[in-house]
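Here the structure comes first, spelled out in structure tokens, and everything after it is commentary.
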Amino acid sequence: MEYKVLINIEGKTEEKFFGKLITDGKNFKLFYTLDGDECILQNEDGSLHQSRKGVFNTEILFNEGKKTVCRIEDGGLCGEIPVYTDKIFREFNGADLKIKLYYSMGGEDCELKITACVVREKK
């Protein structure tokens, strides 16, 4: 199923913005634009993959209980930052997708909460 959603990223911005959610009830892809960059957050076999493409490019694989990396490319500069994912919570009840992600990046503890509320089903 494909849905138009209203997205809130708690702690990142107070603004709410529209995006697109594609889900089969178990796996999902959430598409949105942040600061002009195209972003995708998707569920892949229990892990979360986040990508951002535009002026600022990042790729992060969040895998609960495992170390991964965040790949960053900003203009001519690029590099990697170590990521450790402590917990991933995700729930889709047909009306809301809720994601809570607890991780550390470069030694700093981080918490990400995303809510995507279904506005309407796309045909």
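Here, A, B, ... name the chains of the structure tokens in the order displayed, residue numbers run from 1 inside each chain, and ligands are numbered from 1 in the same displayed order.
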
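Excluding Asn27 in chain A and any residue on its chain fewer than 4 positions from it, the residues at most 7 Å away by only C-alpha atoms are A:Thr23, A:Asn43, A:Glu44.
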
Show me, as a PDB file with N, CA and C atoms, in the first residue's frame, the residues that have an atom within 6 Å of Asn63 in chain A when counting only C-alpha atoms, minus same-chain residues fewer than 2 positions from it.
```
ATOM      1  N   SER A  47      16.562  -4.253  10.205  1.00  0.00           N
ATOM      2  CA  SER A  47      17.422  -3.085  10.367  1.00  0.00           C
ATOM      3  C   SER A  47      16.763  -1.898   9.665  1.00  0.00           C
ATOM      4  N   LYS A  66      24.538  -3.805  16.934  1.00  0.00           N
ATOM      5  CA  LYS A  66      25.727  -3.952  16.088  1.00  0.00           C
ATOM      6  C   LYS A  66      26.362  -2.611  15.763  1.00  0.00           C
ATOM      7  N   THR A  85      24.021   0.878  17.225  1.00  0.00           N
ATOM      8  CA  THR A  85      22.578   0.941  17.427  1.00  0.00           C
ATOM      9  C   THR A  85      22.198   0.129  18.644  1.00  0.00           C
TER      10      THR A  85
END
```

Self-check item: Sel. of strand (DSSP E or B) residues, chain A, as a ChimeraX atom specification
Solution: /A:2-10,16-23,28-34,37-44,47-53,56-62,64,67-74,77-92,96-105,108-121

Store the residues picked out above, limited to C-alpha atoms, as a compact mmCIF listing (two decimals), in the first residue's frame.
```txt
# COMPACT_ATOMS: atom_id res chain seq x y z
CA GLU A 2 1.07 3.56 -0.66
CA TYR A 3 0.09 6.48 1.58
CA LYS A 4 0.54 10.24 1.74
CA VAL A 5 1.79 10.98 5.26
CA LEU A 6 2.41 13.94 7.54
CA ILE A 7 5.87 13.52 9.10
CA ASN A 8 7.26 14.84 12.37
CA ILE A 9 10.91 14.25 13.31
CA GLU A 10 11.09 15.00 17.02
CA LYS A 16 5.76 18.99 10.02
CA PHE A 17 6.02 18.08 6.37
CA PHE A 18 4.47 15.68 3.88
CA GLY A 19 6.03 12.53 2.53
CA LYS A 20 5.15 9.15 1.08
CA LEU A 21 4.97 5.79 2.86
CA ILE A 22 5.01 2.47 1.01
CA THR A 23 4.39 -0.61 3.15
CA PHE A 28 8.25 -0.01 4.71
CA LYS A 29 9.92 2.82 2.81
CA LEU A 30 9.37 6.40 3.97
CA PHE A 31 10.21 9.11 1.40
CA TYR A 32 10.54 12.80 2.37
CA THR A 33 12.47 16.00 1.64
CA LEU A 34 14.57 17.64 4.36
CA ASP A 37 17.59 16.92 0.13
CA GLU A 38 15.74 13.73 -0.84
CA CYS A 39 15.57 11.26 2.06
CA ILE A 40 14.54 7.61 2.35
CA LEU A 41 14.17 5.61 5.56
CA GLN A 42 13.43 1.94 5.01
CA ASN A 43 13.01 -1.20 7.03
CA GLU A 44 15.24 -4.02 5.74
CA SER A 47 17.42 -3.09 10.37
CA LEU A 48 16.82 0.49 9.23
CA HIS A 49 18.59 2.08 6.29
CA GLN A 50 18.61 5.87 6.04
CA SER A 51 19.83 7.76 3.00
CA ARG A 52 19.95 11.44 2.19
CA LYS A 53 20.89 12.76 -1.25
CA PHE A 56 24.45 16.82 2.04
CA ASN A 57 24.72 13.07 1.37
CA THR A 58 24.60 10.36 4.04
CA GLU A 59 24.07 6.60 4.21
CA ILE A 60 23.49 4.90 7.56
CA LEU A 61 22.56 1.31 8.34
CA PHE A 62 21.08 0.94 11.84
CA GLU A 64 20.25 -3.34 16.57
CA LYS A 67 28.40 -1.50 14.98
CA THR A 68 28.02 0.04 11.53
CA VAL A 69 29.12 3.32 9.93
CA CYS A 70 27.59 6.54 8.71
CA ARG A 71 29.04 7.49 5.33
CA ILE A 72 29.03 11.25 4.72
CA GLU A 73 29.74 13.26 1.60
CA ASP A 74 29.48 17.03 1.78
CA LEU A 77 34.67 16.15 1.62
CA CYS A 78 33.78 12.60 2.57
CA GLY A 79 34.28 10.27 5.51
CA GLU A 80 32.82 7.74 7.90
CA ILE A 81 31.61 7.98 11.50
CA PRO A 82 31.15 4.86 13.67
CA VAL A 83 27.55 4.06 14.67
CA TYR A 84 26.33 1.68 17.37
CA THR A 85 22.58 0.94 17.43
CA ASP A 86 21.22 0.15 20.86
CA LYS A 87 17.47 -0.23 20.17
CA ILE A 88 15.05 0.10 17.24
CA PHE A 89 11.30 0.34 17.84
CA ARG A 90 8.88 0.52 14.92
CA GLU A 91 5.14 0.13 14.68
CA PHE A 92 2.62 0.64 11.88
CA ASP A 96 0.56 5.89 12.02
CA LEU A 97 4.13 4.72 11.53
CA LYS A 98 6.13 5.29 14.72
CA ILE A 99 9.89 4.83 14.87
CA LYS A 100 12.15 5.28 17.88
CA LEU A 101 15.85 4.80 17.37
CA TYR A 102 18.47 4.83 20.12
CA TYR A 103 22.08 4.87 18.92
CA SER A 104 25.48 6.45 19.36
CA MET A 105 27.37 8.15 16.55
CA GLU A 108 27.63 10.76 21.15
CA ASP A 109 24.34 9.23 22.35
CA CYS A 110 21.43 10.03 20.03
CA GLU A 111 17.68 9.49 20.05
CA LEU A 112 15.52 9.81 16.95
CA LYS A 113 11.72 9.75 17.02
CA ILE A 114 9.78 9.85 13.76
CA THR A 115 6.02 9.78 13.38
CA ALA A 116 4.36 9.52 9.97
CA CYS A 117 0.57 9.95 10.16
CA VAL A 118 -1.45 8.69 7.20
CA VAL A 119 -3.33 11.52 5.48
CA ARG A 120 -4.79 9.35 2.73
CA GLU A 121 -4.19 6.19 0.77
```

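Minimum distance to Gly25 in chain A across A:Gly54, A:Met1, A:Ala95, A:Gly75 (counting only C-alpha atoms) occurs at A:Met1.
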